[in-house]
>>> print(open('upload36.json').read())   # JSON, C-alpha atoms
[["chain", "number", "residue", "atom", "x", "y", "z"],
["A", 1, "SER", "CA", 99.29, 38.23, 155.78],
["A", 2, "ALA", "CA", 99.30, 39.60, 159.31],
["A", 3, "ALA", "CA", 95.55, 39.28, 159.72],
["A", 4, "THR", "CA", 94.96, 35.55, 160.03],
["A", 5, "ALA", "CA", 94.84, 34.47, 163.67],
["A", 6, "ALA", "CA", 93.81, 35.83, 167.04],
["A", 7, "VAL", "CA", 96.37, 37.29, 169.40],
["A", 8, "ALA", "CA", 97.30, 34.44, 171.72],
["A", 9, "VAL", "CA", 98.31, 35.93, 175.05],
["A", 10, "GLY", "CA", 97.06, 33.05, 177.13],
["A", 11, "SER", "CA", 94.08, 32.83, 179.43],
["A", 12, "PRO", "CA", 94.25, 35.18, 182.43],
["A", 13, "SER", "CA", 94.96, 33.34, 185.66],
["A", 14, "SER", "CA", 92.34, 34.47, 188.12],
["A", 15, "GLY", "CA", 94.34, 33.49, 191.19],
["A", 16, "GLY", "CA", 91.10, 32.40, 192.83],
["A", 17, "SER", "CA", 89.47, 35.80, 192.44],
["A", 18, "GLY", "CA", 87.15, 37.31, 189.85],
["A", 19, "ALA", "CA", 88.91, 40.62, 190.42],
["A", 20, "TRP", "CA", 91.80, 39.44, 188.24],
["A", 21, "ASP", "CA", 89.46, 38.53, 185.38],
["A", 22, "ALA", "CA", 87.87, 41.99, 185.47],
["A", 23, "PHE", "CA", 91.27, 43.70, 185.69],
["A", 24, "TYR", "CA", 92.71, 41.73, 182.77],
["A", 25, "GLU", "CA", 89.58, 42.28, 180.68],
["A", 26, "ALA", "CA", 89.69, 46.04, 181.24],
["A", 27, "ASN", "CA", 93.32, 46.30, 180.13],
["A", 28, "GLU", "CA", 93.60, 43.65, 177.41],
["A", 29, "ARG", "CA", 90.30, 43.76, 175.55],
["A", 30, "GLY", "CA", 91.65, 46.22, 172.96],
["A", 31, "PHE", "CA", 94.40, 44.06, 171.49],
["A", 32, "ARG", "CA", 92.75, 40.71, 172.25],
["A", 33, "ALA", "CA", 90.02, 41.53, 169.70],
["A", 34, "LEU", "CA", 92.55, 42.03, 166.88],
["A", 35, "ARG", "CA", 93.31, 39.25, 164.40],
["A", 36, "LEU", "CA", 97.12, 39.15, 164.37],
["A", 37, "ARG", "CA", 99.66, 36.36, 164.24],
["A", 38, "PRO", "CA", 101.14, 35.89, 167.75],
["A", 39, "GLU", "CA", 104.68, 35.73, 166.33],
["A", 40, "ARG", "CA", 104.26, 39.31, 165.11],
["A", 41, "LEU", "CA", 104.12, 40.42, 168.76],
["A", 42, "ALA", "CA", 106.36, 37.78, 170.29],
["A", 43, "SER", "CA", 108.59, 40.01, 172.46],
["A", 44, "GLU", "CA", 105.70, 42.20, 173.63],
["A", 45, "LEU", "CA", 103.55, 39.19, 174.54],
["A", 46, "ALA", "CA", 106.44, 37.61, 176.42],
["A", 47, "ALA", "CA", 106.87, 40.79, 178.43],
["A", 48, "LEU", "CA", 103.15, 40.79, 179.16],
["A", 49, "GLU", "CA", 103.25, 37.22, 180.45],
["A", 50, "GLU", "CA", 106.20, 38.02, 182.71],
["A", 51, "SER", "CA", 104.55, 41.13, 184.12],
["A", 52, "ARG", "CA", 101.34, 39.24, 184.78],
["A", 53, "ALA", "CA", 103.16, 36.49, 186.64],
["A", 54, "ALA", "CA", 105.03, 39.10, 188.69],
["A", 55, "LEU", "CA", 101.78, 40.87, 189.55],
["A", 56, "LEU", "CA", 100.14, 37.65, 190.73],
["A", 57, "GLU", "CA", 103.16, 36.87, 192.86],
["A", 58, "ALA", "CA", 103.22, 40.37, 194.38],
["A", 59, "ALA", "CA", 99.52, 40.26, 195.31],
["A", 60, "GLU", "CA", 99.97, 37.80, 198.14],
["A", 61, "LEU", "CA", 96.84, 37.68, 200.27],
["A", 62, "PRO", "CA", 97.13, 37.88, 204.06],
["A", 63, "SER", "CA", 94.68, 35.72, 205.97],
["A", 64, "GLY", "CA", 91.24, 37.35, 206.16],
["A", 65, "TRP", "CA", 91.84, 39.66, 203.16],
["A", 66, "GLU", "CA", 90.55, 39.60, 199.58],
["A", 67, "LEU", "CA", 91.13, 41.33, 196.26],
["A", 68, "VAL", "CA", 88.76, 43.86, 194.63],
["A", 69, "HIS", "CA", 88.94, 45.48, 191.21],
["A", 70, "ALA", "CA", 88.38, 49.25, 190.97],
["A", 71, "HIS", "CA", 87.30, 49.88, 187.39],
["A", 72, "ARG", "CA", 87.53, 53.68, 187.53],
["A", 73, "ASP", "CA", 91.01, 53.60, 189.04],
["A", 74, "ASN", "CA", 92.10, 50.64, 186.89],
["A", 75, "ALA", "CA", 93.65, 49.01, 189.94],
["A", 76, "ILE", "CA", 93.55, 45.99, 192.24],
["A", 77, "TYR", "CA", 93.21, 46.62, 195.97],
["A", 78, "LEU", "CA", 93.37, 44.52, 199.12],
["A", 79, "VAL", "CA", 90.42, 44.83, 201.49],
["A", 80, "LYS", "CA", 89.61, 43.21, 204.80],
["A", 81, "ARG", "CA", 87.06, 40.45, 204.31],
["A", 82, "ARG", "CA", 83.88, 40.78, 206.34],
["A", 83, "ALA", "CA", 83.92, 38.25, 209.14],
["A", 84, "THR", "CA", 81.41, 35.40, 208.90],
["A", 85, "ARG", "CA", 81.38, 31.93, 210.37],
["A", 86, "ALA", "CA", 82.19, 30.42, 206.99],
["A", 87, "SER", "CA", 85.05, 32.86, 206.30],
["A", 88, "ALA", "CA", 86.44, 32.42, 209.80],
["A", 89, "ALA", "CA", 86.52, 28.66, 209.35],
["A", 90, "SER", "CA", 88.15, 29.06, 205.92],
["A", 91, "ASP", "CA", 90.78, 31.45, 207.27],
["A", 92, "ALA", "CA", 91.55, 29.11, 210.15],
["A", 93, "ALA", "CA", 91.97, 26.19, 207.75],
["A", 94, "SER", "CA", 94.21, 28.17, 205.38],
["A", 95, "ALA", "CA", 96.26, 29.46, 208.29],
["A", 96, "SER", "CA", 96.89, 25.91, 209.47],
["A", 97, "ASP", "CA", 97.95, 24.82, 205.97],
["A", 98, "ALA", "CA", 100.42, 27.64, 205.18],
["A", 99, "PRO", "CA", 101.81, 30.72, 206.88],
["A", 100, "ALA", "CA", 99.76, 33.85, 206.23],
["A", 101, "ALA", "CA", 101.28, 36.83, 204.44],
["A", 102, "SER", "CA", 102.15, 39.74, 206.68],
["A", 103, "THR", "CA", 100.01, 42.88, 206.71],
["A", 104, "SER", "CA", 102.83, 45.08, 207.96],
["A", 105, "ALA", "CA", 103.91, 45.88, 204.40],
["A", 106, "LEU", "CA", 100.46, 47.09, 203.33],
["A", 107, "LEU", "CA", 100.00, 50.78, 202.55],
["A", 108, "PRO", "CA", 96.79, 52.84, 202.26],
["A", 109, "ALA", "CA", 95.60, 52.89, 198.66],
["A", 110, "THR", "CA", 94.87, 56.07, 196.71],
["A", 111, "ASP", "CA", 92.58, 56.64, 193.74],
["A", 112, "ARG", "CA", 93.58, 58.04, 190.35],
["A", 113, "PHE", "CA", 93.46, 61.58, 191.82],
["A", 114, "GLY", "CA", 95.76, 60.70, 194.71],
["A", 115, "LYS", "CA", 92.97, 60.72, 197.27],
["A", 116, "ARG", "CA", 93.28, 58.15, 200.04],
["A", 117, "LEU", "CA", 90.77, 55.29, 199.91],
["A", 118, "GLU", "CA", 89.43, 54.19, 203.27],
["A", 119, "GLY", "CA", 89.68, 50.45, 203.90],
["A", 120, "ARG", "CA", 91.70, 49.67, 200.77],
["A", 121, "HIS", "CA", 95.37, 48.79, 200.75],
["A", 122, "VAL", "CA", 98.25, 47.87, 198.47],
["A", 123, "SER", "CA", 101.86, 46.94, 198.93],
["A", 124, "ALA", "CA", 104.80, 48.73, 197.37],
["A", 125, "ARG", "CA", 105.72, 45.55, 195.54],
["A", 126, "MET", "CA", 102.16, 45.19, 194.23],
["A", 127, "SER", "CA", 102.03, 48.81, 193.04],
["A", 128, "GLU", "CA", 105.32, 48.40, 191.18],
["A", 129, "ALA", "CA", 104.16, 45.15, 189.57],
["A", 130, "ARG", "CA", 100.88, 46.80, 188.51],
["A", 131, "LEU", "CA", 102.72, 49.64, 186.76],
["A", 132, "ARG", "CA", 104.94, 47.12, 185.03],
["A", 133, "TYR", "CA", 101.88, 45.18, 183.85],
["A", 134, "LEU", "CA", 100.16, 48.32, 182.54],
["A", 135, "ALA", "CA", 103.35, 49.28, 180.67],
["A", 136, "ALA", "CA", 103.43, 45.79, 179.12],
["A", 137, "CYS", "CA", 99.79, 46.15, 178.01],
["A", 138, "ALA", "CA", 100.60, 49.51, 176.43],
["A", 139, "GLY", "CA", 103.54, 47.89, 174.64],
["A", 140, "VAL", "CA", 101.38, 45.13, 173.16],
["A", 141, "GLU", "CA", 98.73, 47.63, 172.10],
["A", 142, "GLU", "CA", 101.28, 49.88, 170.43],
["A", 143, "ALA", "CA", 102.88, 46.93, 168.61],
["A", 144, "ALA", "CA", 99.44, 45.76, 167.46],
["A", 145, "ARG", "CA", 98.68, 49.28, 166.22],
["A", 146, "ARG", "CA", 101.91, 49.33, 164.21],
["A", 147, "GLU", "CA", 101.09, 45.96, 162.67],
["A", 148, "MET", "CA", 97.60, 47.06, 161.71],
["A", 149, "GLN", "CA", 98.93, 50.32, 160.23],
["A", 150, "ALA", "CA", 101.48, 48.36, 158.20],
["A", 151, "LEU", "CA", 98.68, 46.10, 156.97],
["A", 152, "CYS", "CA", 96.60, 49.14, 155.97],
["A", 153, "ASP", "CA", 99.58, 50.63, 154.11],
["A", 154, "THR", "CA", 100.07, 47.35, 152.24],
["A", 155, "LEU", "CA", 96.39, 47.11, 151.28],
["A", 156, "SER", "CA", 95.95, 50.77, 150.37],
["A", 157, "GLU", "CA", 97.11, 50.17, 146.78],
["A", 158, "SER", "CA", 94.46, 47.48, 146.35],
["A", 159, "LEU", "CA", 91.56, 49.34, 147.97],
["A", 160, "PRO", "CA", 89.61, 49.88, 144.70],
["A", 161, "LEU", "CA", 89.87, 46.15, 143.92],
["A", 162, "LEU", "CA", 88.90, 45.20, 147.48],
["A", 163, "ALA", "CA", 85.93, 47.58, 147.42],
["A", 164, "ALA", "CA", 84.72, 46.10, 144.12],
["A", 165, "ALA", "CA", 85.14, 42.57, 145.45],
["A", 166, "ALA", "CA", 83.19, 43.47, 148.61],
["A", 167, "HIS", "CA", 80.44, 45.05, 146.48],
["A", 168, "TRP", "CA", 80.02, 42.00, 144.25],
["A", 169, "ALA", "CA", 80.24, 39.62, 147.21],
["A", 170, "LEU", "CA", 77.39, 41.50, 148.90],
["A", 171, "LEU", "CA", 75.38, 41.51, 145.67],
["A", 172, "TYR", "CA", 75.82, 37.77, 145.11],
["A", 173, "SER", "CA", 75.02, 36.90, 148.72],
["A", 174, "THR", "CA", 71.89, 39.08, 148.57],
["A", 175, "LEU", "CA", 70.73, 37.47, 145.31],
["A", 176, "SER", "CA", 71.40, 34.01, 146.73],
["A", 177, "ALA", "CA", 69.34, 34.80, 149.82],
["A", 178, "HIS", "CA", 66.52, 36.21, 147.64],
["A", 179, "VAL", "CA", 66.40, 33.13, 145.41],
["A", 180, "GLY", "CA", 66.46, 30.76, 148.38],
["A", 181, "ALA", "CA", 63.67, 32.60, 150.19],
["A", 182, "SER", "CA", 61.60, 32.97, 147.00],
["A", 183, "LEU", "CA", 61.73, 29.28, 146.16],
["A", 184, "GLN", "CA", 60.76, 28.43, 149.71],
["A", 185, "LYS", "CA", 57.76, 30.79, 149.48],
["A", 186, "GLY", "CA", 56.67, 29.48, 146.09],
["A", 187, "TRP", "CA", 57.46, 32.66, 144.15],
["A", 188, "THR", "CA", 58.23, 32.46, 140.42],
["A", 189, "LEU", "CA", 60.30, 34.48, 137.97],
["A", 190, "PRO", "CA", 58.03, 36.77, 135.88],
["A", 191, "ARG", "CA", 58.61, 37.42, 132.17],
["A", 192, "LEU", "CA", 59.48, 40.90, 130.90],
["A", 193, "ARG", "CA", 58.28, 42.34, 127.61],
["A", 194, "GLU", "CA", 60.98, 43.40, 125.17],
["A", 195, "VAL", "CA", 62.10, 47.01, 125.21],
["A", 196, "GLU", "CA", 60.82, 47.64, 121.69],
["A", 197, "ASP", "CA", 57.47, 45.98, 122.48],
["A", 198, "GLY", "CA", 54.79, 48.66, 122.24],
["A", 199, "GLU", "CA", 52.23, 46.55, 124.10],
["A", 200, "ARG", "CA", 51.61, 48.04, 127.54],
["A", 201, "ALA", "CA", 49.29, 45.37, 128.95],
["A", 202, "LEU", "CA", 50.17, 43.93, 132.37],
["A", 203, "ARG", "CA", 49.19, 40.26, 132.40],
["A", 204, "VAL", "CA", 49.27, 38.53, 135.79],
["A", 205, "GLU", "CA", 48.17, 35.05, 136.83],
["A", 206, "GLY", "CA", 47.79, 34.12, 140.48],
["A", 207, "VAL", "CA", 49.28, 37.17, 142.21],
["A", 208, "TRP", "CA", 49.05, 37.36, 146.00],
["A", 209, "PRO", "CA", 50.23, 39.87, 148.64],
["A", 210, "TYR", "CA", 53.99, 39.52, 149.22],
["A", 211, "TRP", "CA", 53.56, 39.70, 153.00],
["A", 212, "LEU", "CA", 51.31, 36.59, 153.06],
["A", 213, "SER", "CA", 52.14, 32.95, 152.45],
["A", 214, "ALA", "CA", 51.07, 31.32, 149.20],
["A", 215, "ASP", "CA", 48.69, 29.01, 151.05],
["A", 216, "GLY", "CA", 47.06, 31.69, 153.18],
["A", 217, "ALA", "CA", 46.16, 34.27, 150.53],
["A", 218, "ALA", "CA", 43.53, 34.61, 147.80],
["A", 219, "ARG", "CA", 45.12, 34.82, 144.34],
["A", 220, "ASN", "CA", 44.01, 37.13, 141.54],
["A", 221, "SER", "CA", 44.46, 36.90, 137.77],
["A", 222, "PHE", "CA", 43.87, 39.77, 135.36],
["A", 223, "GLU", "CA", 45.14, 41.72, 132.36],
["A", 224, "TRP", "CA", 45.41, 45.48, 132.75],
["A", 225, "ARG", "CA", 45.68, 47.81, 129.80],
["A", 226, "GLY", "CA", 45.22, 51.58, 129.99],
["A", 227, "LEU", "CA", 43.16, 53.14, 132.81],
["A", 228, "TRP", "CA", 41.18, 50.96, 135.22],
["A", 229, "LEU", "CA", 38.78, 51.67, 138.08],
["A", 230, "LEU", "CA", 38.79, 48.98, 140.75],
["A", 231, "THR", "CA", 35.62, 48.69, 142.83],
["A", 232, "ALA", "CA", 34.60, 46.26, 145.57],
["A", 233, "PRO", "CA", 33.06, 46.32, 149.07],
["A", 234, "ASN", "CA", 35.11, 47.40, 152.06],
["A", 235, "MET", "CA", 37.62, 44.81, 153.31],
["A", 236, "ALA", "CA", 37.45, 42.98, 149.96],
["A", 237, "GLY", "CA", 41.21, 43.33, 149.36],
["A", 238, "LYS", "CA", 41.45, 46.22, 146.88],
["A", 239, "SER", "CA", 44.42, 47.84, 148.61],
["A", 240, "SER", "CA", 46.16, 44.49, 149.05],
["A", 241, "LEU", "CA", 45.72, 43.73, 145.35],
["A", 242, "MET", "CA", 47.17, 47.11, 144.34],
["A", 243, "ARG", "CA", 50.16, 46.85, 146.66],
["A", 244, "GLY", "CA", 50.85, 43.24, 145.72],
["A", 245, "THR", "CA", 50.59, 43.94, 141.98],
["A", 246, "LEU", "CA", 52.86, 46.97, 142.08],
["A", 247, "ALA", "CA", 55.43, 45.07, 144.14],
["A", 248, "ALA", "CA", 55.32, 42.18, 141.66],
["A", 249, "ALA", "CA", 55.82, 44.57, 138.71],
["A", 250, "LEU", "CA", 58.75, 46.23, 140.48],
["A", 251, "LEU", "CA", 60.38, 42.87, 141.31],
["A", 252, "ALA", "CA", 59.87, 41.70, 137.72],
["A", 253, "ASN", "CA", 61.59, 44.79, 136.30],
["A", 254, "ALA", "CA", 64.46, 44.22, 138.73],
["A", 255, "GLY", "CA", 64.88, 40.66, 137.41],
["A", 256, "LEU", "CA", 63.80, 39.13, 140.73],
["A", 257, "TYR", "CA", 61.27, 36.54, 141.81],
["A", 258, "ALA", "CA", 57.74, 37.74, 142.60],
["A", 259, "PRO", "CA", 54.64, 36.30, 144.37],
["A", 260, "VAL", "CA", 52.87, 35.19, 141.16],
["A", 261, "ASP", "CA", 52.13, 31.96, 139.34],
["A", 262, "ASP", "CA", 53.05, 33.66, 136.08],
["A", 263, "ALA", "CA", 53.27, 37.20, 134.76],
["A", 264, "LEU", "CA", 54.13, 39.14, 131.62],
["A", 265, "VAL", "CA", 55.21, 42.61, 132.70],
["A", 266, "PRO", "CA", 55.99, 45.71, 130.61],
["A", 267, "ARG", "CA", 59.17, 47.65, 131.28],
["A", 268, "TYR", "CA", 58.21, 50.57, 133.51],
["A", 269, "ASP", "CA", 60.29, 53.66, 134.22],
["A", 270, "GLY", "CA", 58.46, 54.65, 137.40],
["A", 271, "TYR", "CA", 56.23, 53.21, 140.13],
["A", 272, "PHE", "CA", 53.71, 55.27, 142.08],
["A", 273, "LEU", "CA", 51.36, 54.01, 144.79],
["A", 274, "ARG", "CA", 49.35, 56.45, 146.89],
["A", 275, "THR", "CA", 47.55, 54.82, 149.79],
["A", 276, "ALA", "CA", 46.08, 56.10, 153.05],
["A", 277, "SER", "CA", 47.03, 59.56, 154.31],
["A", 278, "TYR", "CA", 46.40, 61.36, 157.57],
["A", 279, "ASP", "CA", 46.22, 64.87, 158.95],
["A", 280, "VAL", "CA", 49.52, 66.73, 159.29],
["A", 281, "PRO", "CA", 48.84, 69.27, 162.06],
["A", 282, "SER", "CA", 52.46, 70.45, 162.13],
["A", 283, "GLU", "CA", 52.05, 71.69, 158.54],
["A", 284, "GLY", "CA", 48.43, 72.76, 158.89],
["A", 285, "ARG", "CA", 47.24, 70.14, 156.40],
["A", 286, "SER", "CA", 44.13, 68.00, 156.53],
["A", 287, "SER", "CA", 44.19, 64.47, 155.16],
["A", 288, "PHE", "CA", 42.43, 65.71, 151.98],
["A", 289, "ALA", "CA", 45.00, 68.48, 151.49],
["A", 290, "GLN", "CA", 47.77, 65.93, 151.91],
["A", 291, "GLU", "CA", 46.13, 63.68, 149.32],
["A", 292, "MET", "CA", 45.89, 66.52, 146.82],
["A", 293, "ASP", "CA", 49.54, 67.38, 147.36],
["A", 294, "ASP", "CA", 50.52, 63.76, 146.76],
["A", 295, "VAL", "CA", 48.46, 63.64, 143.56],
["A", 296, "ALA", "CA", 50.04, 66.87, 142.32],
["A", 297, "VAL", "CA", 53.53, 65.44, 142.83],
["A", 298, "LEU", "CA", 52.48, 62.18, 141.19],
["A", 299, "ALA", "CA", 51.04, 63.93, 138.13],
["A", 300, "ALA", "CA", 54.22, 65.95, 137.71],
["A", 301, "GLU", "CA", 56.59, 62.99, 138.08],
["A", 302, "CYS", "CA", 54.87, 60.12, 136.23],
["A", 303, "GLY", "CA", 55.13, 59.44, 132.51],
["A", 304, "ALA", "CA", 53.64, 57.31, 129.75],
["A", 305, "ARG", "CA", 55.68, 54.27, 130.85],
["A", 306, "SER", "CA", 54.88, 54.59, 134.56],
["A", 307, "LEU", "CA", 52.74, 52.30, 136.69],
["A", 308, "VAL", "CA", 50.43, 54.48, 138.81],
["A", 309, "MET", "CA", 47.92, 53.35, 141.45],
["A", 310, "LEU", "CA", 45.67, 55.58, 143.59],
["A", 311, "ASP", "CA", 43.92, 54.04, 146.56],
["A", 312, "GLU", "CA", 40.54, 55.66, 147.41],
["A", 313, "LEU", "CA", 41.34, 59.25, 146.55],
["A", 314, "GLY", "CA", 39.20, 61.51, 148.75],
["A", 315, "ARG", "CA", 38.04, 58.59, 150.84],
["A", 316, "GLY", "CA", 35.03, 59.06, 153.08],
["A", 317, "THR", "CA", 33.69, 55.57, 153.59],
["A", 318, "SER", "CA", 33.08, 53.73, 156.83],
["A", 319, "ALA", "CA", 34.01, 50.16, 157.76],
["A", 320, "ARG", "CA", 30.32, 49.57, 158.57],
["A", 321, "GLU", "CA", 29.15, 50.33, 155.04]]
>>> encode(input="upload36.json", output="structure tokens")
Amino acid sequence: SAATAAVAVGSPSSGGSGAWDAFYEANERGFRALRLRPERLASELAALEESRAALLEAAELPSGWELVHAHRDNAIYLVKRRATRASAASDAASASDAPAASTSALLPATDRFGKRLEGRHVSARMSEARLRYLAACAGVEEAARREMQALCDTLSESLPLLAAAAHWALLYSTLSAHVGASLQKGWTLPRLREVEDGERALRVEGVWPYWLSADGAARNSFEWRGLWLLTAPNMAGKSSLMRGTLAAALLANAGLYAPVDDALVPRYDGYFLRTASYDVPSEGRSSFAQEMDDVAVLAAECGARSLVMLDELGRGTSARE
């Protein structure tokens, strides 16, 4: 397989300047991110290494000058360093250690539109080495593109099998994560009534809201059969009980763990929960009109095997009551 290891083109040599790192990153990030065997691109990578070494050699710094990277122009320029006491001392020390490169060969630099750039310079040798480096980068990128296209052509015959494998891998990893999280939260696996079982009672022991921990929530046990009217004072937990129960029934029918101590759940074909609604000024609807529309849709969609819960239809209570 071609897709097994990262492209190994070596670490960019900065030459003492962060400008090189930025320049290399801008031109090599595309093929560096690909997972290809280095031997697949051996000749192209060798040419890249040679061009990089030639570019570093051509960019010889005269005393008192430094390198800058121009991202928009994709180029490296030489600029005169601003004089400071520290830089003057450093230049004097470097000048005493080795002869400084001549500035006579420097030419005014131009941007990508050919416009002259004030205060920026290049040498003819440096410009030639830069073009050679860019051509080497293009060669590596083109070779990497060919390798990836060949890999795609090879795998195209197995795409249905790969898609199925990816689907089942995602399903198994999701189920594994669900089971692990459920066991940590203290959830249990509810029991489902048989399909031919005509009993429609929902029997739940110790259900609690799924968004709360098992230790921090009040648990409820009940057996629901037919139509029920749930009443209690405000803030007593009616809405939480309805949401938690419907979620537990849905999880049980999906064969998943639920926040219950135990439960025997019928097989439902639909789940409907209508909770708080608000005005919809953009549609000219009051909250009551929105509630009535929701109930109309619910009545049309639900059936004899559906679990339906309505939370304070036509509510008009106050939290102070």
>>> residues_near_point(input="upload36.json", point="(102.7, 48.3, 181.2)", cutoff="12 Å", atoms="all atoms listed in the file", output="PyMOL selection string")
chain A and resi 27-28+44-45+47-52+55+127-142
>>> closest_residue(input="upload36.json", among="A:Tyr271, A:Trp168, A:Tyr278, A:Trp224", to="Gln290 (chain A)", atoms="only C-alpha atoms")
A:Tyr278
>>> atom_distance(input="upload36.json", atom1="CA of Ala59 (chain A)", atom2="CA of Phe113 (chain A)")
22.4 Å
>>> closest_residue(input="upload36.json", among="A:Arg285, A:Thr275, A:Gly198, A:Phe222", to="Ala304 (chain A)", atoms="only C-alpha atoms")
A:Gly198
>>> residues_around(input="upload36.json", residues="Leu241 (chain A)", least_positions_apart="2", cutoff="8 Å", atoms="only C-alpha atoms", output="PyMOL selection string")
chain A and resi 208-209+220+237-239+243-245
>>> closest_residue(input="upload36.json", among="A:Ala258, A:Ala248, A:Leu117, A:Leu229", to="Leu183 (chain A)", atoms="all atoms listed in the file")
A:Ala258
>>> residues_around(input="upload36.json", residues="Met309 (chain A)", least_positions_apart="6", cutoff="8 Å", atoms="only C-alpha atoms", output="list in words")
Met242, Phe272, Leu273 and Arg274 of chain A
>>> closest_residue(input="upload36.json", among="A:Glu25, A:Asp311, A:Glu57, A:Glu39", to="His69 (chain A)", atoms="only C-alpha atoms")
A:Glu25
